[in-house]
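In what follows, a single structure is set out as structure tokens and then discussed.
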Amino acid sequence: MPGIWIFAERKDLALELLTIARGLASQAGMKVTAIVPDQGDQADIYIAGGADEILLLSALGEDMSLDAWIPVIAAEAKKADPDLILLAATARGKDFAARLAARLETGLCSNCIALNREEDGTIVMERLAYGGAAVQQVSCLTRPVMATIPPRTFAPAPADHGRSGEIRKLPPPPSSPVRVIARKTKERSSQDITEAKAVICVGRGMAKQADINIARQLADLIEGEVGCTRPISEELHWLPDDLCIGLSGVQVKPDLYIGLGVSGQIQHVTGIRGARVICAVNKDENAPIFQAADLGIVGDLYDVTPNLVEELQKATSR
Amino acid sequence: MPNIVACFKWVIDEAYIRKSASGALDFSAVDYKISDYDRNAIEEAARLKGLHGGSVTVLTAGAPETAKGVKDALSRGADQAFFANDASFNQLESSQTAAILGEIIRSRIPYDLIICGEGSSDQYAQQVGPRLAENLGIPCISYVQKLTIGEDGRIMVERRVEEGVEVVEAPLPVLVTVSPEINTPRIPGVKDTLMASKKPVVTIKKEEMQAVGAARLQTIGMTATRMERNCEIFAATPEGIARFVEALQKKGVIS
Amino acid sequence: MDFKLTEEQELIRKNMREFADKYVEPIAVEIDENSRHPAEVFKKLAEGDWMGIPIPTEYGGAGSDYLTHILAIEELSRSCASTGFTVSIHVGIACMLVLLNGTEEQKQQYLLPMAKGEKLGAFVLTEPGAGTDVMAATTTAVLDGDSYVLNGTKTFTSNGPTGDVYMVFAWTDKAAGRKGMSCFIIPKGTAGMTAGTHFRKMGLRSSQTSEMVFKDCRVPKANLLGKEGAGLVMAMAGFDHGRVGIAAQCIGIIQAALDESIRYSKERVQFGNPISKNQAISWMIADMATELSAARFLTYHAAWLKDQKQNFSKEAAMAKLFASEAAMRHTIKAVQIHGGYGYCKGAKVERLMRDAKITEIYEGTSEAQRMVISGNVLR
């Protein structure tokens with residue numbers, strides 16, 4: 001029976017994909033299949049999360065990379081002919097998806113941010129183009145429909161422990177000429193801004209690195225984290241890459257976002273669209289950030305921020 | 001001495017896209033550029049040629065105005081260019097682009113290493129590189145930040161993954177997609193640009209290729225992003241900032 | 001009629017814009033403040049063949065045309081008018097003088113390293129008592145055996161303290177009048193030639209300007225450029241080339257003033273609105289944009305005539321006259337638009353205004369340009 005397949009390298013990502021899969025499957029009466037690494041009893045978690053079938057991938061050798069599984073999954077997909085395959089848009093996932101799509105001779109919607117099933121069964125997918133300036137809507141003319149979904153676009157599927165599903169093991173991967181000879185874990189910043197309830201973002205309006213302390217002070221006050229725009233991390237190296245918010249950085253969904261000297265280039269704004277309240281301090285009243293913001297102060301961040309800190313201290317101590 | 005192919009796309013410089021009052025995208029005053037990360041791809045090819053000798057071929061598929069982009073690419077250290085040229089080629093979907101590039105490489109360009117940018121500045125679908133590798137049946141290593149070619153004809157690369165970096169090794173021929181961290185693209189000098197016009201360019205018309213397959217993805221709509229929220233502006237005065245803080249409290253985002 | 005640049009010209013302009021944004025704009029304030037010659041930038045300019053664009057490749061240049069050189073000066077001057085000018089006088093006057101008048105040996109020995117950007121050229125004509133009135137010069141060159149001996153004092157020599165190759169004008173036969181002046185190529189280090197300390201100027205501060213003193217400075221006969229007595233004619237032709245470069249420098253200045261004014265007027269809020277909504281401001285900007293276009297067309301046309309090997313003396317003077325006066329007018333307006341902020345150090349328009357003033361003065365004052373133009377049209 002055809003249906004919806006999901007594949008992700010990590011549990012949190014797989015559960016997010018299951019949210020979408022379960023939503024669509026319930027509309028169309030389709031089966032949901034999760035393809036996941038064979039790691040102990042995790043299959044039950046995916047079944048509780050909405051999978052009807054689990055295809056387990058045998059563990060990879062130390063020197064094998066994720067893409068060794070591509071031929072295994074491609075062969076299985078050719079047999080089963082699913083309607084839709086969803087993957088997580090991580091670096092590995094995007095590479096994996098494009099190559100799988102090539103093998104299945106089908107289209108792939110990269111970085112899909114919304115996915116809807118029309119009455120005639122067509123899946124309409126949305127993605128951003130031109131650095132986030134445009135929303136592109138696409139449909140796929142071939143089978144299966146494929147999409148990669150950026151992490152944290154959807155909430156993880158809640159567990160329903162009453163569900164049941166089948167579990168099946170897939171054959172081991174063939175040998176690959178690509179060998180992983182080392183893995184270096186990057187030093188993460190102390191806090192994960194993707195999980196923060198409040199994010200203070202510094203942009204080009206910040207004149208020097210030391211001034212980031214101004215943002216830090218504000219962040220400490222409201223128990224938030226400091227993030228930045230791409231020029232701050234990539235060009236100036238004032239903050240590490242994993243604090244860079246935007247299309248090619250991380251997407252954040254805090255309750256409160258405050259941009260200090262952030263102009264609001266579309267590539268950045270794309271990364272904060274999920275924030276509940278967006279605030280901006282910028283001296284350019286025409287800065288695009290104000291169009292994306294709920295509350296704004298037109299003024300020099302160097303004048304405004306100390307006052308803001310003071311007012312917040314008053315307010316929070318009341 | 002490796003034969004290196006660097007693929008690039010001539011794209012609209014998104015800095016020139018304006019949004020009209022109606023919310024439609026206004027492309028009337030746009031300029032074009034070599035897609036940002038493709039500049040890194042060409043630079044890496046030129047850098048490797050500097051180290052190991054061999055040749056650098058740049059390859060693109062595009063509409064006739066891409067001819068300027070071909071010159072731009074040739075001014076960045078390439079020896080020759082192949083240009084699949086057709087008015088319809090500004091609307092190619094990743095699978096079609098990969099098929100066109102694959103056919104040209106297979107039939108006309110000897111190669112050891114193919115370098116693509118990790119994604120294009122306009123669509124950022126990040127598919128052409130991996131699809132091209134599949135098309136050619138060679139290994140693909142994506143998001144490469146560092147690349148070395150060993151004596152033994154194998155390459156060793158560092159690629160970016162979520163948790164950090166994977167150091168990966170593969171035999172040539174191989175395709176890599178590169179991230180901006182890999183190098184700093186040069187600014188071509190005057191002579192580089194002038195000499196680019198004298199380098200060989202093989203232009204391939206649509207009719208000279210096997211039928212370009214139909215697009216697999218169909219664009220149904222393209223609209224300017226609506227991010228607008230109703231921004232309430234506060235004055236940068238002590239009173240204004242006090243009211244701003246009150247507004248934050250009303251919205252329940254500070255306690 | 002064809003107003004289109006070639007693909008190469010468009011790409012070269014774009015590359016220079018990127019170069020200027022990356023290497024020049026970030027240091028422009030500092031080199032102005034410290035009156036510093038940015039040797040590191042000139043090294044990079046040399047690497048990119050920007051120091052000899054219209055000079056044939058066999059003499060170390062890029063082998064392109066004059067219009068392309070003009071586009072580069074324009075884009076460079078947009079970030080820093082001083083840097084743009086230093087390149088302009090080096091290429092437009094020093095290199096062109098040798099290219100047009102030098103012997104093969106002189107071209108190999110002096111033009112080649114200059115066009116490669118290894119050596120910087122300077123033009124040594126003005127004297128304390130002889131500005132527009134060149135005939136009032138007093139520096140002499142007397143033939144003594146196989147060499148000329150120069151004596152005299154020159155002033156306002158651009159690239160004086162930093163130059164490597166000097167084009168020096170002196171009387172070989174004062175009695176012969178306009179046919180009595182000659183030009184000598186004098187390399188740095190020649191005994192008897194000393195550069196004074198550089199002047200503290202109002203603007204164009206990173207361009208190095210000084211006196212040049214000649215005291216029994218002995219120069220071999222082989223260093224006579226062109227024929228004896230042909231100096232004045234060569235200097236005037238050099239000015240024709242240089243003036244198109246100054247006009248390009250002015251276009252860069254006006255473009256920068258316009259960019260800054262547009263940005264600031266949209267940012268600055270007074271009476272509840274950005275000041276760009278005020279007609280008083282928006283009309284200033286309209287005039288600025290209009291005269292920028294006019295200056296640009298005059299300048300490109302003069303360069304185009306040069307590339308077509310046509311006479312462009314009048315057009316060069318017109319371009320220089322109009323562009324320099326427009327630069328002065330509109331940088332003053334740009335400071336006005338910026339109000340008090342524009343009058344403070346660090347505001348780009350403040351520097352632009354100071355830099356603009358000299359363009360009405362050097363390489364022929366506005367008055368001298370009007371003499372050239374009226375002389376041409378009243379003939």
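Please note that chains go A, B, ... in the order of the structure tokens, that every chain numbers its residues from 1, and that ligands are numbered from 1 in the order shown.
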
Subject >> Polymer residues at most 8 Å from A:Gln313, only C-alpha atoms, same-chain spacing of 4 or more positions, as a VMD selection string >> reply: chain A and resid 221 309 317

**OP:** Might you pull out every residue within 6 Å of C:Ala247, with only C-alpha atoms counted and same-chain residues fewer than 6 positions away left off, and present them as a PyMOL selection string?
**Re:** chain C and resi 319-320+323

Original post:
Could you name the residues that touch B:Glu158 at 8 Å or less, counting only C-alpha atoms, but leaving out those on the same chain fewer than 3 positions away, as a ChimeraX atom specification?
Top reply: /B:144-147,165-168

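Residue-level contacts from chain B to chain C at 7 Å, counting only C-alpha atoms, read Lys68, Asp72, Ile187, Pro188, Gly189, Val190, Lys191, Thr193 and Leu194 of chain B.
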
Give one line per residue of chain A that approaches chain C to at most 9 Å, naming the two atoms of the closest pair and their distance in Å to one decimal, counting only C-alpha atoms; sort by chain then ascending residue number and deliver it as a Markdown table.
```
| residue | atom | partner | partner_atom | distance |
| --- | --- | --- | --- | --- |
| A:Lys283 | CA | C:Glu267 | CA | 6.9 |
| A:Asp284 | CA | C:Glu267 | CA | 4.5 |
| A:Glu285 | CA | C:Glu267 | CA | 5.6 |
| A:Asn286 | CA | C:Glu267 | CA | 6.5 |
| A:Ala287 | CA | C:Glu267 | CA | 8.4 |
```
